[in-house]
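One file, entry19.csv, carrying CSV, C-alpha atoms:
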chain,number,residue,atom,x,y,z
A,1465,MET,CA,22.4,50.9,-51.1
A,1466,SER,CA,21.4,47.3,-51.2
A,1467,LYS,CA,17.7,46.6,-51.2
A,1468,TYR,CA,15.9,43.6,-49.9
A,1469,ASP,CA,12.4,42.4,-49.2
A,1470,LEU,CA,13.3,41.6,-45.6
A,1471,ILE,CA,16.2,42.3,-43.3
A,1472,ILE,CA,16.6,40.3,-40.1
A,1473,ILE,CA,18.7,41.5,-37.1
A,1474,GLY,CA,20.0,38.4,-35.3
A,1475,GLY,CA,21.1,35.1,-36.7
A,1476,GLY,CA,20.2,32.7,-33.9
A,1477,GLY,CA,17.5,30.1,-34.0
A,1478,PHE,CA,14.6,32.5,-34.5
A,1479,GLY,CA,16.3,34.7,-37.0
A,1480,CYS,CA,17.5,31.8,-39.2
A,1481,SER,CA,14.1,30.2,-39.1
A,1482,THR,CA,12.4,33.4,-40.1
A,1483,ALA,CA,14.8,33.8,-43.0
A,1484,TYR,CA,14.1,30.3,-44.3
A,1485,TYR,CA,10.4,30.6,-44.2
A,1486,ALA,CA,10.5,34.0,-45.9
A,1487,ALA,CA,12.8,32.7,-48.6
A,1488,ARG,CA,10.4,29.8,-49.2
A,1489,ARG,CA,7.9,32.4,-50.2
A,1490,GLY,CA,10.3,33.8,-52.7
A,1491,LYS,CA,11.5,36.8,-50.7
A,1492,LYS,CA,15.0,38.4,-51.0
A,1493,VAL,CA,16.3,38.2,-47.4
A,1494,LEU,CA,19.4,39.5,-45.5
A,1495,VAL,CA,20.4,38.3,-42.0
A,1496,LEU,CA,22.8,40.5,-40.0
A,1497,ASP,CA,24.5,39.1,-36.9
A,1498,GLN,CA,27.2,40.8,-34.8
A,1499,PHE,CA,29.0,37.4,-34.2
A,1500,GLY,CA,30.2,34.5,-36.4
A,1501,GLN,CA,28.1,31.7,-37.7
A,1502,GLY,CA,27.2,29.0,-35.1
A,1503,HIS,CA,28.6,31.1,-32.2
A,1504,ASP,CA,28.0,30.2,-28.6
A,1505,LEU,CA,27.6,33.8,-27.3
A,1506,GLY,CA,23.8,33.9,-27.2
A,1507,SER,CA,21.2,31.3,-26.5
A,1508,SER,CA,21.2,29.0,-29.5
A,1509,HIS,CA,23.8,26.5,-28.3
A,1510,GLY,CA,24.4,23.9,-25.7
A,1511,GLY,CA,23.7,20.7,-27.7
A,1512,THR,CA,20.1,20.0,-26.7
A,1513,ARG,CA,16.8,21.7,-25.8
A,1514,ILE,CA,13.7,20.0,-24.4
A,1515,ILE,CA,10.5,20.0,-26.6
A,1516,ARG,CA,7.1,19.0,-25.1
A,1517,LYS,CA,3.4,19.5,-25.8
A,1518,ALA,CA,1.7,19.5,-22.3
A,1519,TYR,CA,2.9,23.0,-21.7
A,1520,PHE,CA,2.7,23.9,-18.0
A,1521,GLU,CA,3.6,27.5,-18.6
A,1522,HIS,CA,0.3,28.2,-20.3
A,1523,PRO,CA,-2.1,26.0,-22.4
A,1524,ASP,CA,-2.3,28.6,-25.2
A,1525,TYR,CA,1.2,27.5,-26.3
A,1526,VAL,CA,-0.1,24.0,-27.1
A,1527,PRO,CA,-1.5,24.8,-30.6
A,1528,LEU,CA,1.8,26.4,-31.5
A,1529,LEU,CA,3.7,23.4,-30.3
A,1530,GLN,CA,1.5,21.0,-32.3
A,1531,GLN,CA,2.3,23.0,-35.4
A,1532,GLY,CA,5.9,23.3,-34.4
A,1533,TYR,CA,6.4,19.6,-34.1
A,1534,LYS,CA,5.1,19.2,-37.7
A,1535,LEU,CA,7.5,21.9,-39.0
A,1536,TRP,CA,10.5,20.3,-37.2
A,1537,THR,CA,9.5,16.9,-38.7
A,1538,LYS,CA,9.2,18.5,-42.2
A,1539,LEU,CA,12.6,20.1,-41.8
A,1540,GLU,CA,14.1,16.7,-41.0
A,1541,GLU,CA,12.5,15.3,-44.1
A,1542,ILE,CA,13.9,18.1,-46.3
A,1543,SER,CA,17.3,18.1,-44.8
A,1544,SER,CA,17.7,14.3,-44.2
A,1545,ARG,CA,19.0,15.2,-40.7
A,1546,GLU,CA,17.9,14.1,-37.3
A,1547,LEU,CA,16.8,17.2,-35.4
A,1548,LEU,CA,14.2,16.0,-33.0
A,1549,SER,CA,14.8,12.9,-30.8
A,1550,PRO,CA,11.5,11.7,-29.2
A,1551,CYS,CA,12.6,10.1,-26.0
A,1552,GLY,CA,9.7,11.1,-23.7
A,1553,LEU,CA,9.7,13.5,-20.7
A,1554,MET,CA,9.3,12.8,-17.0
A,1555,LEU,CA,7.8,15.7,-14.9
A,1556,SER,CA,7.9,15.6,-11.2
A,1557,GLY,CA,6.6,18.0,-8.5
A,1558,GLN,CA,4.1,18.4,-5.8
A,1559,PRO,CA,0.5,17.8,-7.0
A,1560,GLU,CA,-0.4,21.5,-6.7
A,1561,SER,CA,2.9,22.7,-8.3
A,1562,ALA,CA,2.9,24.7,-11.5
A,1563,VAL,CA,4.7,21.9,-13.3
A,1564,ILE,CA,2.2,19.2,-12.5
A,1565,SER,CA,-1.0,21.2,-12.3
A,1566,GLY,CA,-0.1,23.2,-15.4
A,1567,ALA,CA,0.8,20.2,-17.5
A,1568,ARG,CA,-2.4,18.5,-16.5
A,1569,GLU,CA,-4.5,21.5,-17.4
A,1570,ALA,CA,-2.8,21.8,-20.8
A,1571,ALA,CA,-3.3,18.1,-21.5
A,1572,GLU,CA,-7.0,18.2,-20.5
A,1573,LEU,CA,-7.8,21.3,-22.6
A,1574,HIS,CA,-6.0,19.9,-25.7
A,1575,THR,CA,-6.6,16.2,-25.3
A,1576,LEU,CA,-3.0,15.3,-24.8
A,1577,GLU,CA,-1.8,12.0,-23.4
A,1578,LEU,CA,-0.1,12.0,-20.0
A,1579,GLU,CA,0.8,8.9,-18.0
A,1580,ASP,CA,0.7,8.9,-14.2
A,1581,MET,CA,3.6,6.9,-13.0
A,1582,SER,CA,3.7,4.9,-9.7
A,1583,THR,CA,6.7,4.4,-7.6
A,1584,GLU,CA,7.1,0.8,-8.9
A,1585,GLU,CA,6.9,1.9,-12.5
A,1586,ILE,CA,9.5,4.6,-12.0
A,1587,GLU,CA,11.9,2.1,-10.3
A,1588,ASP,CA,11.4,-0.2,-13.2
A,1589,ARG,CA,11.7,2.2,-16.1
A,1590,PHE,CA,13.9,4.9,-14.6
A,1591,PRO,CA,16.0,3.2,-11.9
A,1592,GLY,CA,18.5,6.1,-11.7
A,1593,TYR,CA,16.0,8.5,-10.0
A,1594,ARG,CA,14.9,8.9,-6.4
A,1595,ILE,CA,11.5,10.7,-6.4
A,1596,PRO,CA,11.2,13.0,-3.4
A,1597,ASP,CA,8.4,12.2,-0.9
A,1598,GLY,CA,5.1,13.7,-1.8
A,1599,GLN,CA,5.9,14.4,-5.4
A,1600,GLU,CA,3.8,13.1,-8.3
A,1601,VAL,CA,5.4,11.9,-11.5
A,1602,ILE,CA,3.7,12.2,-14.9
A,1603,TYR,CA,5.2,11.1,-18.2
A,1604,GLU,CA,4.7,12.7,-21.7
A,1605,CYS,CA,5.5,10.3,-24.4
A,1606,ASP,CA,5.6,13.1,-27.0
A,1607,GLY,CA,8.4,14.8,-25.1
A,1608,GLY,CA,12.0,14.8,-26.4
A,1609,PHE,CA,14.8,17.0,-27.3
A,1610,LEU,CA,16.1,19.1,-30.2
A,1611,HIS,CA,19.7,19.2,-31.4
A,1612,VAL,CA,20.2,22.9,-31.1
A,1613,GLU,CA,23.2,23.6,-33.3
A,1614,ASP,CA,22.0,21.2,-35.9
A,1615,CYS,CA,18.7,22.9,-36.1
A,1616,VAL,CA,20.2,26.3,-36.6
A,1617,ASP,CA,22.8,25.0,-39.1
A,1618,THR,CA,20.0,23.3,-41.0
A,1619,TYR,CA,17.9,26.5,-41.3
A,1620,ILE,CA,21.0,28.4,-42.4
A,1621,THR,CA,22.0,25.8,-45.0
A,1622,LEU,CA,18.5,25.6,-46.5
A,1623,ALA,CA,18.0,29.3,-46.4
A,1624,GLU,CA,21.3,29.9,-48.3
A,1625,LYS,CA,20.1,27.4,-50.9
A,1626,ARG,CA,17.1,29.7,-51.4
A,1627,GLY,CA,19.3,32.8,-51.8
A,1628,VAL,CA,19.3,34.2,-48.3
A,1629,GLU,CA,22.4,36.4,-47.6
A,1630,PHE,CA,24.0,36.0,-44.2
A,1631,ARG,CA,26.4,38.7,-43.0
A,1632,TRP,CA,28.2,37.4,-40.0
A,1633,ASN,CA,30.4,39.6,-37.7
A,1634,GLU,CA,28.5,42.7,-38.9
A,1635,PRO,CA,27.0,44.5,-35.9
A,1636,VAL,CA,24.0,46.7,-36.5
A,1637,THR,CA,24.4,50.3,-35.2
A,1638,HIS,CA,20.9,51.5,-35.7
A,1639,TRP,CA,17.8,51.2,-37.8
A,1640,GLU,CA,14.8,53.3,-38.8
A,1641,SER,CA,11.4,52.9,-40.5
A,1642,ASP,CA,8.7,55.1,-42.0
A,1643,GLY,CA,6.2,52.2,-42.0
A,1644,GLU,CA,6.8,51.4,-45.7
A,1645,THR,CA,10.6,51.1,-45.9
A,1646,ALA,CA,13.1,50.1,-43.2
A,1647,LYS,CA,16.8,51.1,-43.2
A,1648,VAL,CA,19.5,49.4,-41.2
A,1649,TRP,CA,23.0,50.7,-40.6
A,1650,THR,CA,26.1,48.7,-39.8
A,1651,GLU,CA,29.7,50.0,-39.7
A,1652,GLY,CA,30.1,51.7,-43.1
A,1653,THR,CA,27.1,50.1,-44.8
A,1654,THR,CA,23.4,50.9,-45.2
A,1655,TYR,CA,20.8,48.4,-46.1
A,1656,GLU,CA,17.2,48.9,-47.1
A,1657,ALA,CA,14.2,46.6,-47.1
A,1658,ASP,CA,10.4,46.5,-47.3
A,1659,ALA,CA,10.3,45.0,-43.8
A,1660,LEU,CA,12.5,44.4,-40.8
A,1661,VAL,CA,12.4,41.6,-38.2
A,1662,ILE,CA,14.3,42.0,-34.9
A,1663,THR,CA,15.3,38.7,-33.3
A,1664,ALA,CA,18.3,40.0,-31.4
A,1665,GLY,CA,18.1,37.8,-28.3
A,1666,ALA,CA,19.7,39.3,-25.2
A,1667,TRP,CA,20.5,42.4,-27.3
A,1668,ALA,CA,16.8,43.0,-28.1
A,1669,SER,CA,16.4,45.9,-25.7
A,1670,GLN,CA,19.3,47.7,-27.3
A,1671,SER,CA,17.6,47.3,-30.7
A,1672,LEU,CA,14.3,48.6,-29.3
A,1673,ALA,CA,15.6,51.2,-27.0
A,1674,ASP,CA,13.6,54.0,-28.6
A,1675,LEU,CA,10.3,52.3,-28.4
A,1676,PRO,CA,8.1,54.0,-25.8
A,1677,GLY,CA,6.2,51.6,-23.5
A,1678,PHE,CA,8.2,48.6,-24.6
A,1679,PRO,CA,8.4,46.2,-21.6
A,1680,GLN,CA,11.6,46.0,-19.7
A,1681,LEU,CA,13.5,42.9,-20.7
A,1682,SER,CA,15.9,41.5,-18.1
A,1683,VAL,CA,18.8,39.2,-19.0
A,1684,LEU,CA,19.9,36.4,-16.8
A,1685,ARG,CA,23.2,34.5,-16.8
A,1686,LYS,CA,22.5,30.8,-16.9
A,1687,VAL,CA,24.9,27.9,-16.8
A,1688,MET,CA,24.6,24.4,-18.4
A,1689,PHE,CA,26.5,21.5,-16.9
A,1690,TRP,CA,27.7,18.1,-18.1
A,1691,PHE,CA,28.3,15.6,-15.3
A,1692,PRO,CA,29.9,12.1,-15.4
A,1693,VAL,CA,27.6,9.1,-14.9
A,1694,MET,CA,28.5,6.0,-12.9
A,1695,SER,CA,26.1,3.6,-14.6
A,1696,ASP,CA,23.9,3.1,-17.7
A,1697,ALA,CA,20.7,4.1,-15.8
A,1698,TYR,CA,20.5,7.4,-17.7
A,1699,ASP,CA,21.5,6.2,-21.2
A,1700,TYR,CA,19.4,7.3,-24.1
A,1701,SER,CA,20.1,3.9,-25.7
A,1702,MET,CA,18.5,2.2,-22.6
A,1703,GLY,CA,15.3,4.2,-22.9
A,1704,SER,CA,16.0,7.0,-20.5
A,1705,SER,CA,14.1,10.3,-21.1
A,1706,CYS,CA,14.3,14.0,-20.5
A,1707,PHE,CA,13.2,15.2,-17.1
A,1708,PHE,CA,12.0,18.3,-15.3
A,1709,PHE,CA,11.8,18.4,-11.5
A,1710,GLU,CA,10.2,21.2,-9.4
A,1711,MET,CA,12.0,21.1,-6.0
A,1712,PRO,CA,11.5,23.3,-2.9
A,1713,TYR,CA,14.7,25.1,-3.8
A,1714,GLY,CA,14.4,25.4,-7.6
A,1715,GLU,CA,13.5,23.9,-10.9
A,1716,PHE,CA,15.9,21.4,-12.6
A,1717,TYR,CA,15.9,19.8,-16.0
A,1718,GLY,CA,18.1,17.5,-18.0
A,1719,PHE,CA,18.5,15.0,-20.8
A,1720,PRO,CA,19.4,11.3,-21.2
A,1721,SER,CA,23.1,10.5,-21.5
A,1722,LEU,CA,23.8,10.6,-25.3
A,1723,ASP,CA,27.3,9.2,-25.0
A,1724,GLY,CA,27.0,6.9,-22.0
A,1725,GLN,CA,29.6,8.9,-20.2
A,1726,SER,CA,28.0,12.2,-19.2
A,1727,ILE,CA,24.7,13.8,-18.7
A,1728,LYS,CA,23.5,17.4,-19.1
A,1729,VAL,CA,21.7,18.8,-16.1
A,1730,CYS,CA,20.8,22.4,-15.5
A,1731,GLN,CA,18.8,24.7,-13.2
A,1732,HIS,CA,15.9,26.4,-14.9
A,1733,SER,CA,15.1,28.8,-12.0
A,1734,GLY,CA,17.3,31.5,-10.7
A,1735,GLY,CA,20.0,33.2,-12.7
A,1736,GLU,CA,22.2,36.2,-12.2
A,1737,PRO,CA,21.1,39.5,-13.7
A,1738,VAL,CA,23.2,40.7,-16.6
A,1739,ALA,CA,23.6,44.5,-17.1
A,1740,ASP,CA,25.4,44.1,-20.5
A,1741,PRO,CA,25.1,40.9,-22.5
A,1742,ALA,CA,28.4,41.7,-24.1
A,1743,GLN,CA,30.1,41.5,-20.7
A,1744,VAL,CA,28.4,38.4,-19.3
A,1745,ASP,CA,30.8,36.3,-17.1
A,1746,ARG,CA,31.6,33.1,-19.0
A,1747,GLU,CA,33.9,31.7,-16.4
A,1748,PHE,CA,33.1,28.7,-14.1
A,1749,ARG,CA,32.1,29.5,-10.5
A,1750,GLU,CA,31.6,26.9,-7.8
A,1751,GLU,CA,28.4,28.7,-6.6
A,1752,ASP,CA,26.8,28.2,-10.1
A,1753,MET,CA,26.4,24.5,-9.4
A,1754,GLU,CA,25.6,24.4,-5.7
A,1755,LEU,CA,21.9,23.8,-6.1
A,1756,VAL,CA,22.4,21.5,-9.1
A,1757,ALA,CA,24.8,19.4,-7.1
A,1758,ARG,CA,22.2,19.3,-4.3
A,1759,PHE,CA,19.5,18.2,-6.7
A,1760,LEU,CA,21.8,15.4,-8.1
A,1761,GLY,CA,22.6,14.2,-4.6
A,1762,GLU,CA,18.9,13.9,-3.7
A,1763,VAL,CA,17.4,12.7,-7.0
A,1764,MET,CA,20.1,11.3,-9.3
A,1765,PRO,CA,22.6,9.3,-7.1
A,1766,GLU,CA,24.3,7.6,-10.1
A,1767,VAL,CA,25.6,11.0,-11.3
A,1768,VAL,CA,28.9,12.4,-10.1
A,1769,PRO,CA,28.1,15.9,-8.8
A,1770,LYS,CA,31.2,17.5,-10.2
A,1771,PRO,CA,30.9,18.8,-13.7
A,1772,GLU,CA,33.3,17.8,-16.5
A,1773,ASP,CA,32.1,20.6,-18.7
A,1774,PHE,CA,29.9,23.7,-18.7
A,1775,ALA,CA,28.6,26.4,-21.0
A,1776,VAL,CA,27.1,29.8,-20.3
A,1777,CYS,CA,24.0,31.1,-22.0
A,1778,MET,CA,21.4,33.8,-21.4
A,1779,TYR,CA,17.7,34.0,-20.7
A,1780,THR,CA,16.0,37.1,-22.0
A,1781,MET,CA,13.0,37.6,-19.7
A,1782,THR,CA,9.8,39.5,-20.2
A,1783,PRO,CA,7.9,40.7,-17.1
A,1784,ASP,CA,5.5,37.8,-17.4
A,1785,SER,CA,7.9,35.2,-18.8
A,1786,HIS,CA,5.9,34.9,-22.0
A,1787,PHE,CA,7.3,35.7,-25.4
A,1788,ILE,CA,6.9,38.8,-27.5
A,1789,VAL,CA,5.8,38.1,-31.1
A,1790,ASP,CA,4.2,41.1,-32.7
A,1791,ARG,CA,4.4,44.0,-35.1
A,1792,HIS,CA,6.0,47.2,-33.9
A,1793,PRO,CA,3.1,49.5,-32.6
A,1794,HIS,CA,4.3,52.4,-34.7
A,1795,TYR,CA,5.8,50.8,-37.8
A,1796,GLN,CA,3.7,48.1,-39.5
A,1797,ASN,CA,6.7,46.8,-41.4
A,1798,VAL,CA,8.8,46.1,-38.3
A,1799,VAL,CA,8.3,42.8,-36.5
A,1800,ILE,CA,9.6,41.9,-33.0
A,1801,GLY,CA,10.5,38.4,-31.8
A,1802,ALA,CA,12.0,38.8,-28.3
A,1803,GLY,CA,11.9,37.8,-24.6
A,1804,PHE,CA,11.9,34.1,-25.1
A,1805,SER,CA,12.5,33.7,-21.3
A,1806,GLY,CA,14.4,30.5,-21.3
A,1807,HIS,CA,11.7,28.3,-22.9
A,1808,GLY,CA,11.6,29.5,-26.4
A,1809,PHE,CA,13.9,27.5,-28.7
A,1810,LYS,CA,11.4,24.6,-29.2
A,1811,PHE,CA,9.2,27.2,-30.9
A,1812,ALA,CA,11.8,28.4,-33.3
A,1813,SER,CA,10.2,26.5,-36.2
A,1814,VAL,CA,6.6,27.7,-35.8
A,1815,LEU,CA,7.5,31.2,-34.6
A,1816,GLY,CA,10.0,31.7,-37.4
A,1817,LYS,CA,7.1,31.0,-39.8
A,1818,ALA,CA,4.8,33.4,-37.8
A,1819,LEU,CA,7.4,36.2,-37.8
A,1820,SER,CA,7.9,35.8,-41.6
A,1821,ASP,CA,4.1,36.0,-42.1
A,1822,LEU,CA,3.9,39.1,-40.0
A,1823,ALA,CA,6.7,40.8,-41.9
A,1824,ILE,CA,5.3,39.8,-45.4
A,1825,ASP,CA,1.5,39.9,-44.9
A,1826,TYR,CA,1.2,42.0,-41.7
A,1827,GLU,CA,-0.8,39.1,-40.2
A,1828,THR,CA,-0.5,35.3,-39.6
A,1829,ASP,CA,-3.0,32.5,-39.2
A,1830,LEU,CA,-0.9,31.0,-36.4
A,1831,PRO,CA,-2.3,31.6,-32.9
A,1832,VAL,CA,0.2,34.2,-31.5
A,1833,GLY,CA,-2.2,36.8,-30.4
A,1834,PHE,CA,-1.6,36.1,-26.7
A,1835,LEU,CA,2.1,36.9,-27.2
A,1836,GLY,CA,1.3,40.5,-28.4
A,1837,LEU,CA,2.6,43.8,-27.0
A,1838,GLU,CA,-1.0,44.9,-26.1
A,1839,ARG,CA,-0.8,42.8,-22.9
A,1840,PHE,CA,1.8,45.2,-21.4
A,1841,LYS,CA,-0.4,48.3,-21.7
A,1842,ASP,CA,-1.5,49.9,-18.4
Could you spell out this file's structure in structure tokens?
Amino acid sequence: MSKYDLIIIGGGGFGCSTAYYAARRGKKVLVLDQFGQGHDLGSSHGGTRIIRKAYFEHPDYVPLLQQGYKLWTKLEEISSRELLSPCGLMLSGQPESAVISGAREAAELHTLELEDMSTEEIEDRFPGYRIPDGQEVIYECDGGFLHVEDCVDTYITLAEKRGVEFRWNEPVTHWESDGETAKVWTEGTTYEADALVITAGAWASQSLADLPGFPQLSVLRKVMFWFPVMSDAYDYSMGSSCFFFEMPYGEFYGFPSLDGQSIKVCQHSGGEPVADPAQVDREFREEDMELVARFLGEVMPEVVPKPEDFAVCMYTMTPDSHFIVDRHPHYQNVVIGAGFSGHGFKFASVLGKALSDLAIDYETDLPVGFLGLERFKD
């Protein structure tokens, strides 16, 4: 039986980050994933993810983001790769909307810089957008995007250099712990470690099926689209930014055009429930893009509302849409990172470090207390 300091179930963004930070502390680490390296069957793919500091979901995320930015930057320095592109972020919604009011609250509490944009300023700086009547626009200069696959690949590469073993295409059948030692079974092989971290994404509920009182996680099918552009109004090279719009019929986000030919635009709200993540429908459906096309027609007239490409991913939702980062309530050496609810990837750096701390030290100095399981108790 192979023995490790730490076993990680799940080799996506959070699992690979956790492995890297544990290996930096000299730990012998094994990562098990049911799919191949760099696969597109979970939630760590799609080219880009927005990163921002004025977090409208809850201001308690801001200190984590501030540390996360530092860790992403450090990772760029170590790897000599561009992982974070700071292009700014435009937020638009009604003054009382969660997006606008929440971003303002986070900025005020944490002394972050937000810029109120007038209609004239928007027309000058972002001519490809029509702002709906009654909506405010604020701009966060610290916003930008992460290159998802590059981030994951960088963590894997650096982790392997520090001795981390990755076993791809090796599904976990079950695990157990006595609080001091954890055992993990795959087809025909048993592994043992001092600690176990579960970062299984949409499969987290299956890995934690025997945990009484664990909150119900729901999985949503989400579709990312790439649309042709008719002008350079959205070009990254021309100073265009990421954006997030709260509309009466949904929330929509996107990125500047990186190639001058197409632009990624998606709906953040909605999503079809998935009973079994292994059976998620990965085919294109016209109805998937109906609201996105409506949004483009109303707000982004220089975008052709017929996609040239698409990709399916999954949101794994907690009941309150906030993450779970905590030790198992019955086994101190088992740590859970789950339910990242469609807004988690930007935290992969800092929460990977937090998860490794919890597995090694049973505690962390990073402010993750508000993401604990205690909040789900009756």
(request) Would you mind reading off the distance between CA of Leu1496 in chain A and CA of Gly1801 in chain A, one decimal, in Å? (result)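 Here the two named atoms are 14.9 Å from each other.
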(request) Quote the spacing between CA of Trp1536 in chain A and CA of Tyr1619 in chain A in Å to one decimal place. (result)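 So the two atoms, CA of Trp1536 in chain A and CA of Tyr1619 in chain A, lie 10.5 Å apart.
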Proximity of range 1606-1666 of chain A to range 1553-1562 of chain A: per-residue shortest pair, 9 Å limit, all atoms listed in the file, as a tab-separated table:
residue	atom	partner	partner_atom	distance
A:Asp1606	CA	A:Leu1553	CA	7.5
A:Gly1607	CA	A:Leu1553	CA	4.8
A:Gly1608	CA	A:Leu1553	CA	6.3
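Each of A:Gln1531, A:Gln1501, A:Ser1813, A:Thr1618 was checked against Ser1481 in chain A using only C-alpha atoms; the smallest atom-to-atom distance is that of A:Ser1813.
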(message) Between CA of Glu1600 in chain A and CA of Phe1716 in chain A, what is the distance in Å, rounded to a tenth?
(response)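 Distance between the two atoms: 15.3 Å.
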(message) Which residues are near Met1688 in chain A? Cut-off 8 Å, all atoms listed in the file, ignore same chain within fewer than 4 positions. Put them as a list in words.
(response) Gly1510, Lys1728, Val1729, Cys1730, Gln1731, Phe1774, Ala1775, Val1776 and Cys1777 of chain A
(request) Give me the residues within 12 Å of Thr1828 in chain A as a VMD selection string, counting all atoms listed in the file and dropping any in the same chain fewer than 3 places off. (result) chain A and resid 1789 to 1791 1799 1814 to 1825 1831 to 1833
(request) Take the point (12.3, 34.5, -29.3) in the file's coordinates, draw a sphere of radius 7 Å around it, and report as a list of chain:residue names every protein, DNA or RNA residue with an atom inside or on it, counting all atoms listed in the file. (result) A:Phe1478, A:Thr1663, A:Gly1665, A:Phe1787, A:Gly1801, A:Ala1802, A:Gly1803, A:Phe1804, A:Gly1808
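Checking A:Ala1659, A:Ala1567, A:Leu1684, A:Ile1514 one by one against Ile1800 in chain A, counting all atoms listed in the file, you find the shortest gap at A:Ala1659.
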